[in-house]
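Structure file coords_33.pdb; described as PDB, C-alpha atoms, pLDDT in the B column.
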MODEL        1
ATOM      1  CA  MET H   1       0.000   0.000   0.000  1.00 56.00           C
ATOM      2  CA  LYS H   2       2.837   2.392   0.934  1.00 54.00           C
ATOM      3  CA  SER H   3       4.572   1.733  -2.390  1.00 54.00           C
ATOM      4  CA  MET H   4       1.368   2.561  -4.302  1.00 51.00           C
ATOM      5  CA  VAL H   5       0.972   5.810  -2.391  1.00 47.00           C
ATOM      6  CA  LEU H   6       4.630   6.640  -2.965  1.00 44.00           C
ATOM      7  CA  ALA H   7       4.319   5.849  -6.683  1.00 47.00           C
ATOM      8  CA  ALA H   8       1.213   8.030  -6.910  1.00 47.00           C
ATOM      9  CA  LEU H   9       3.007  10.918  -5.184  1.00 47.00           C
ATOM     10  CA  VAL H  10       6.034  10.615  -7.486  1.00 48.00           C
ATOM     11  CA  LEU H  11       3.778  10.544 -10.538  1.00 50.00           C
ATOM     12  CA  ALA H  12       1.727  13.503  -9.278  1.00 52.00           C
ATOM     13  CA  SER H  13       4.849  15.568  -8.624  1.00 55.00           C
ATOM     14  CA  ALA H  14       6.238  14.720 -12.065  1.00 53.00           C
ATOM     15  CA  VAL H  15       2.970  15.795 -13.708  1.00 54.00           C
ATOM     16  CA  ALA H  16       2.889  18.989 -11.626  1.00 53.00           C
ATOM     17  CA  ALA H  17       6.503  19.795 -12.504  1.00 52.00           C
ATOM     18  CA  HIS H  18       5.794  19.310 -16.212  1.00 53.00           C
ATOM     19  CA  ALA H  19       2.661  21.465 -16.023  1.00 55.00           C
ATOM     20  CA  GLN H  20       4.624  24.255 -14.336  1.00 61.00           C
ATOM     21  CA  THR H  21       7.367  24.348 -16.958  1.00 69.00           C
ATOM     22  CA  PRO H  22       7.102  27.848 -18.392  1.00 71.00           C
ATOM     23  CA  TYR H  23       8.477  26.755 -21.762  1.00 68.00           C
ATOM     24  CA  ALA H  24       6.256  23.723 -22.301  1.00 68.00           C
ATOM     25  CA  GLY H  25       5.595  23.213 -25.997  1.00 63.00           C
ATOM     26  CA  MET H  26       8.100  25.811 -27.172  1.00 61.00           C
ATOM     27  CA  ARG H  27      10.766  23.305 -28.244  1.00 62.00           C
ATOM     28  CA  ALA H  28       8.620  22.365 -31.224  1.00 62.00           C
ATOM     29  CA  ARG H  29       8.538  25.937 -32.542  1.00 58.00           C
ATOM     30  CA  ASP H  30      10.485  26.670 -35.711  1.00 64.00           C
ATOM     31  CA  ILE H  31      11.669  29.938 -34.175  1.00 68.00           C
ATOM     32  CA  LYS H  32      11.845  29.466 -30.443  1.00 65.00           C
ATOM     33  CA  ALA H  33      11.420  33.139 -29.506  1.00 77.00           C
ATOM     34  CA  LEU H  34       8.271  33.682 -31.585  1.00 86.00           C
ATOM     35  CA  SER H  35       4.863  32.064 -31.420  1.00 87.00           C
ATOM     36  CA  GLU H  36       3.006  31.139 -34.586  1.00 90.00           C
ATOM     37  CA  GLN H  37       0.681  34.094 -33.942  1.00 92.00           C
ATOM     38  CA  GLN H  38       3.624  36.496 -33.627  1.00 92.00           C
ATOM     39  CA  ILE H  39       5.109  35.180 -36.879  1.00 91.00           C
ATOM     40  CA  ALA H  40       1.755  35.605 -38.644  1.00 93.00           C
ATOM     41  CA  ASP H  41       1.409  39.143 -37.270  1.00 94.00           C
ATOM     42  CA  LEU H  42       4.929  40.096 -38.341  1.00 94.00           C
ATOM     43  CA  ASN H  43       4.395  38.649 -41.816  1.00 93.00           C
ATOM     44  CA  ALA H  44       1.122  40.587 -42.151  1.00 94.00           C
ATOM     45  CA  GLY H  45       2.565  43.879 -40.888  1.00 94.00           C
ATOM     46  CA  ARG H  46       0.217  44.037 -37.893  1.00 93.00           C
ATOM     47  CA  GLY H  47       1.104  46.322 -35.003  1.00 91.00           C
ATOM     48  CA  MET H  48       1.148  43.756 -32.187  1.00 91.00           C
ATOM     49  CA  GLY H  49       0.907  46.534 -29.612  1.00 92.00           C
ATOM     50  CA  LEU H  50       4.063  48.244 -30.859  1.00 94.00           C
ATOM     51  CA  ALA H  51       2.239  51.571 -31.002  1.00 94.00           C
ATOM     52  CA  LEU H  52       0.330  51.094 -27.771  1.00 94.00           C
ATOM     53  CA  ALA H  53       1.787  54.300 -26.355  1.00 95.00           C
ATOM     54  CA  ALA H  54       0.236  56.202 -29.261  1.00 95.00           C
ATOM     55  CA  GLU H  55      -3.103  54.421 -28.940  1.00 93.00           C
ATOM     56  CA  LEU H  56      -3.347  55.075 -25.207  1.00 94.00           C
ATOM     57  CA  ASN H  57      -2.574  58.750 -25.728  1.00 94.00           C
ATOM     58  CA  GLY H  58      -5.238  59.343 -28.356  1.00 93.00           C
ATOM     59  CA  TYR H  59      -3.318  58.756 -31.583  1.00 95.00           C
ATOM     60  CA  PRO H  60      -5.258  56.123 -33.516  1.00 95.00           C
ATOM     61  CA  GLY H  61      -3.633  53.935 -36.110  1.00 95.00           C
ATOM     62  CA  PRO H  62      -4.742  53.846 -39.723  1.00 97.00           C
ATOM     63  CA  VAL H  63      -6.243  50.362 -39.512  1.00 95.00           C
ATOM     64  CA  HIS H  64      -8.463  51.341 -36.576  1.00 94.00           C
ATOM     65  CA  VAL H  65      -9.556  54.539 -38.300  1.00 97.00           C
ATOM     66  CA  LEU H  66     -10.455  52.589 -41.438  1.00 97.00           C
ATOM     67  CA  GLU H  67     -12.444  50.118 -39.326  1.00 96.00           C
ATOM     68  CA  LEU H  68     -14.360  53.024 -37.755  1.00 96.00           C
ATOM     69  CA  ALA H  69     -14.538  55.233 -40.875  1.00 97.00           C
ATOM     70  CA  ASP H  70     -18.327  55.501 -40.870  1.00 96.00           C
ATOM     71  CA  GLN H  71     -18.601  56.210 -37.146  1.00 96.00           C
ATOM     72  CA  LEU H  72     -15.900  58.869 -37.455  1.00 96.00           C
ATOM     73  CA  GLY H  73     -17.608  60.428 -40.470  1.00 96.00           C
ATOM     74  CA  LEU H  74     -14.522  60.326 -42.657  1.00 97.00           C
ATOM     75  CA  SER H  75     -14.794  62.269 -45.869  1.00 97.00           C
ATOM     76  CA  PRO H  76     -13.863  60.452 -49.083  1.00 97.00           C
ATOM     77  CA  SER H  77     -10.614  62.422 -49.125  1.00 98.00           C
ATOM     78  CA  GLN H  78      -9.799  61.440 -45.543  1.00 98.00           C
ATOM     79  CA  ARG H  79     -10.645  57.822 -46.220  1.00 98.00           C
ATOM     80  CA  ALA H  80      -8.314  57.799 -49.241  1.00 98.00           C
ATOM     81  CA  SER H  81      -5.534  59.481 -47.237  1.00 98.00           C
ATOM     82  CA  ILE H  82      -5.861  57.005 -44.375  1.00 98.00           C
ATOM     83  CA  GLN H  83      -5.884  54.093 -46.840  1.00 98.00           C
ATOM     84  CA  ARG H  84      -2.639  55.396 -48.386  1.00 98.00           C
ATOM     85  CA  LEU H  85      -1.121  55.681 -44.908  1.00 98.00           C
ATOM     86  CA  PHE H  86      -2.169  52.124 -44.108  1.00 97.00           C
ATOM     87  CA  ASP H  87      -0.732  50.840 -47.384  1.00 98.00           C
ATOM     88  CA  SER H  88       2.552  52.690 -46.778  1.00 98.00           C
ATOM     89  CA  MET H  89       2.762  51.462 -43.195  1.00 97.00           C
ATOM     90  CA  LYS H  90       2.227  47.890 -44.315  1.00 97.00           C
ATOM     91  CA  ALA H  91       4.795  48.268 -47.109  1.00 97.00           C
ATOM     92  CA  GLU H  92       7.361  49.302 -44.475  1.00 98.00           C
ATOM     93  CA  ALA H  93       6.294  46.922 -41.701  1.00 97.00           C
ATOM     94  CA  VAL H  94       6.109  43.655 -43.672  1.00 97.00           C
ATOM     95  CA  PRO H  95       9.777  43.633 -44.768  1.00 98.00           C
ATOM     96  CA  LEU H  96      10.849  44.645 -41.256  1.00 97.00           C
ATOM     97  CA  GLY H  97       8.735  41.832 -39.817  1.00 96.00           C
ATOM     98  CA  SER H  98      10.314  39.345 -42.205  1.00 96.00           C
ATOM     99  CA  ARG H  99      13.768  40.586 -41.257  1.00 96.00           C
ATOM    100  CA  LEU H 100      12.927  40.274 -37.561  1.00 95.00           C
ATOM    101  CA  ILE H 101      11.740  36.692 -38.027  1.00 94.00           C
ATOM    102  CA  GLU H 102      15.008  35.778 -39.761  1.00 93.00           C
ATOM    103  CA  GLN H 103      17.100  37.573 -37.164  1.00 94.00           C
ATOM    104  CA  ASP H 104      15.248  36.016 -34.238  1.00 89.00           C
ATOM    105  CA  ALA H 105      16.039  32.564 -35.609  1.00 88.00           C
ATOM    106  CA  ASP H 106      19.794  33.218 -35.733  1.00 86.00           C
ATOM    107  CA  PRO H 107      20.756  33.001 -32.024  1.00 83.00           C
ATOM    108  CA  TYR H 108      18.749  29.827 -31.629  1.00 82.00           C
ATOM    109  CA  LYS H 109      20.437  28.207 -34.611  1.00 84.00           C
ATOM    110  CA  GLN H 110      23.803  29.143 -33.120  1.00 86.00           C
ATOM    111  CA  LEU H 111      22.844  27.789 -29.714  1.00 84.00           C
ATOM    112  CA  ALA H 112      21.429  24.581 -31.167  1.00 83.00           C
ATOM    113  CA  GLY H 113      24.551  24.062 -33.272  1.00 87.00           C
ATOM    114  CA  TYR H 114      26.901  24.957 -30.415  1.00 90.00           C
ATOM    115  CA  THR H 115      28.538  27.610 -32.616  1.00 90.00           C
ATOM    116  CA  VAL H 116      27.580  30.526 -30.390  1.00 88.00           C
ATOM    117  CA  THR H 117      30.152  32.908 -28.927  1.00 91.00           C
ATOM    118  CA  PRO H 118      29.734  36.064 -26.842  1.00 90.00           C
ATOM    119  CA  GLU H 119      30.462  38.089 -29.976  1.00 93.00           C
ATOM    120  CA  THR H 120      27.820  36.325 -32.071  1.00 91.00           C
ATOM    121  CA  VAL H 121      25.278  36.680 -29.245  1.00 89.00           C
ATOM    122  CA  TRP H 122      26.011  40.405 -29.134  1.00 93.00           C
ATOM    123  CA  SER H 123      25.745  40.910 -32.885  1.00 94.00           C
ATOM    124  CA  SER H 124      22.590  38.793 -33.190  1.00 92.00           C
ATOM    125  CA  THR H 125      20.771  40.495 -30.339  1.00 91.00           C
ATOM    126  CA  ALA H 126      21.896  43.938 -31.503  1.00 95.00           C
ATOM    127  CA  ALA H 127      20.466  43.226 -34.955  1.00 96.00           C
ATOM    128  CA  VAL H 128      17.160  42.037 -33.450  1.00 94.00           C
ATOM    129  CA  ALA H 129      16.964  45.110 -31.212  1.00 95.00           C
ATOM    130  CA  ALA H 130      17.641  47.474 -34.111  1.00 97.00           C
ATOM    131  CA  THR H 131      14.947  45.874 -36.252  1.00 97.00           C
ATOM    132  CA  GLN H 132      12.470  45.876 -33.361  1.00 96.00           C
ATOM    133  CA  GLY H 133      13.164  49.581 -32.908  1.00 97.00           C
ATOM    134  CA  MET H 134      12.615  50.306 -36.598  1.00 98.00           C
ATOM    135  CA  LEU H 135       9.386  48.319 -36.560  1.00 97.00           C
ATOM    136  CA  ARG H 136       8.084  50.197 -33.492  1.00 97.00           C
ATOM    137  CA  GLU H 137       9.068  53.516 -35.045  1.00 97.00           C
ATOM    138  CA  THR H 138       7.220  52.580 -38.232  1.00 97.00           C
ATOM    139  CA  HIS H 139       3.996  51.864 -36.402  1.00 97.00           C
ATOM    140  CA  LEU H 140       4.274  54.906 -34.142  1.00 97.00           C
ATOM    141  CA  LYS H 141       4.914  57.366 -36.972  1.00 98.00           C
ATOM    142  CA  TYR H 142       1.861  56.159 -38.886  1.00 97.00           C
ATOM    143  CA  HIS H 143      -0.266  56.800 -35.817  1.00 97.00           C
ATOM    144  CA  LEU H 144       1.077  60.364 -35.833  1.00 97.00           C
ATOM    145  CA  PHE H 145       0.456  60.725 -39.579  1.00 98.00           C
ATOM    146  CA  THR H 146      -3.090  59.419 -39.109  1.00 97.00           C
ATOM    147  CA  ALA H 147      -3.787  62.010 -36.430  1.00 96.00           C
ATOM    148  CA  GLY H 148      -2.746  64.694 -38.901  1.00 97.00           C
ATOM    149  CA  VAL H 149      -5.535  63.655 -41.277  1.00 98.00           C
ATOM    150  CA  LEU H 150      -8.308  63.707 -38.673  1.00 97.00           C
ATOM    151  CA  SER H 151     -10.164  66.711 -37.305  1.00 96.00           C
ATOM    152  CA  PRO H 152     -10.029  67.440 -33.554  1.00 95.00           C
ATOM    153  CA  GLY H 153     -13.605  66.124 -33.239  1.00 94.00           C
ATOM    154  CA  GLN H 154     -12.711  62.890 -35.008  1.00 95.00           C
ATOM    155  CA  MET H 155      -9.674  62.498 -32.783  1.00 93.00           C
ATOM    156  CA  GLN H 156     -11.877  62.968 -29.729  1.00 90.00           C
ATOM    157  CA  ARG H 157     -14.270  60.260 -30.929  1.00 88.00           C
TER     158      ARG H 157
ENDMDL
END

Would you write the structure of this file as C-alpha cells?
Amino acid sequence: MKSMVLAALVLASAVAAHAQTPYAGMRARDIKALSEQQIADLNAGRGMGLALAAELNGYPGPVHVLELADQLGLSPSQRASIQRLFDSMKAEAVPLGSRLIEQDADPYKQLAGYTVTPETVWSSTAAVAATQGMLRETHLKYHLFTAGVLSPGQMQR
C-alpha cells in the first residue's frame, strides 16, 4: 500500500513539474522566440501593440480609423488618405517583420549548433533590437500621420 501511495506521489509531482514548466511546448517551434501568432502578425505587418503608447494617448492607427470610418464620419478624401497611410505602413512593416523573423532565428540556430560565442550573441541580439526599434518607429509614426488627417472632433471620438 505504501509503495502505491509513494508511486502516486512521485507521478503527481512529475505531472505537476511538467505542467509548471514555463516553456512547455516551445521546443517544437520553428523559431523558439516567436509564437506562430507572432510570426503571422509580423508577416502581415500588424502592429502587435508596438504603437500602444500612441493608442493610449489618443493617436489612432490607420487600420483602426479605417475600421471606424463611418462612425468617425470620414470624408472620401480622408478615407483615401488614411488608406494610403495604411498601405505605406504595411509596405514598411512587412519587410521589417520578415527581417525580424530571420534575425530572431539566428541566435537559436547558433545555440542549437553549439557555434555561439559572446560576440555572435552580441551581434545577433543587436540586430534584433535594431529591427524591433525600426518596426516600433514605423507603427508609431503612422499613428502620428493618421492624427494629422483627422479633425479634432474625429480624434476625440

Exercise. Got a sec to check which residues sit within 12 Å of (7.3, 50.3, -39.1), counting only C-alpha atoms, and write them as a ChimeraX atom specification?
Worked result: /H:42,44-48,50-51,61,85-100,130-143

Next, write the just-selected residues to a file, as a short mmCIF file (atom, residue, chain, number, x, y, z; two decimals), keeping the file's coordinate frame, keeping C-alpha atoms as the atom set.
data_model
loop_
_atom_site.label_atom_id
_atom_site.label_comp_id
_atom_site.auth_asym_id
_atom_site.auth_seq_id
_atom_site.Cartn_x
_atom_site.Cartn_y
_atom_site.Cartn_z
CA LEU H 42 4.93 40.10 -38.34
CA ALA H 44 1.12 40.59 -42.15
CA GLY H 45 2.56 43.88 -40.89
CA ARG H 46 0.22 44.04 -37.89
CA GLY H 47 1.10 46.32 -35.00
CA MET H 48 1.15 43.76 -32.19
CA LEU H 50 4.06 48.24 -30.86
CA ALA H 51 2.24 51.57 -31.00
CA GLY H 61 -3.63 53.94 -36.11
CA LEU H 85 -1.12 55.68 -44.91
CA PHE H 86 -2.17 52.12 -44.11
CA ASP H 87 -0.73 50.84 -47.38
CA SER H 88 2.55 52.69 -46.78
CA MET H 89 2.76 51.46 -43.20
CA LYS H 90 2.23 47.89 -44.32
CA ALA H 91 4.80 48.27 -47.11
CA GLU H 92 7.36 49.30 -44.48
CA ALA H 93 6.29 46.92 -41.70
CA VAL H 94 6.11 43.66 -43.67
CA PRO H 95 9.78 43.63 -44.77
CA LEU H 96 10.85 44.64 -41.26
CA GLY H 97 8.74 41.83 -39.82
CA SER H 98 10.31 39.34 -42.20
CA ARG H 99 13.77 40.59 -41.26
CA LEU H 100 12.93 40.27 -37.56
CA ALA H 130 17.64 47.47 -34.11
CA THR H 131 14.95 45.87 -36.25
CA GLN H 132 12.47 45.88 -33.36
CA GLY H 133 13.16 49.58 -32.91
CA MET H 134 12.62 50.31 -36.60
CA LEU H 135 9.39 48.32 -36.56
CA ARG H 136 8.08 50.20 -33.49
CA GLU H 137 9.07 53.52 -35.04
CA THR H 138 7.22 52.58 -38.23
CA HIS H 139 4.00 51.86 -36.40
CA LEU H 140 4.27 54.91 -34.14
CA LYS H 141 4.91 57.37 -36.97
CA TYR H 142 1.86 56.16 -38.89
CA HIS H 143 -0.27 56.80 -35.82
#

Problem set entry | Selection dump of the PyMOL selection byres ((chain H and resi 102-106) around 8), as a list in words |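 With the PyMOL selection byres ((chain H and resi 102-106) around 8) on this model, the match is Ile31, Lys32, Ala33, Leu34, Ser98, Arg99, Leu100, Ile101, Pro107, Tyr108, Lys109, Gln110, Ser124, Ala127 and Val128 of chain H.
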
Exercise. Distance atom CA of Ala80 of chain H-atom CA of Ala40 of chain H, one decimal place?
Worked result: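 Separation of atom CA of Ala80 of chain H and atom CA of Ala40 of chain H: 26.6 Å.
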
Exercise. Between H:Pro22, H:Gly113, H:Gly58, H:Gly49, which one has atoms that come closest to Thr146 of chain H, using only C-alpha atoms?
Worked result: H:Gly58

Seminar exercise, completed: Counting all atoms listed in the file, the residue among H:Ile82, H:Glu55, H:Leu111, H:Gln37 that lies closest to Gly148 of chain H is H:Ile82

Exercise. What does the PyMOL selection byres ((chain H and resi 69) around 12) select in this file, as a PyMOL selection string?
Worked result: chain H and resi 60-68+70-83+150+154-155+157

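For the atom pair formed by atom CA of Leu56 of chain H and atom CA of Asp41 of chain H, the distance is 20.5 Å, given to one decimal.
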
For this session: Go ahead and compute the interatomic distance for atom CA of Ala126 of chain H and atom CA of Leu144 of chain H, in Å to one decimal.
Result: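 Interatomic distance here is 26.9 Å.
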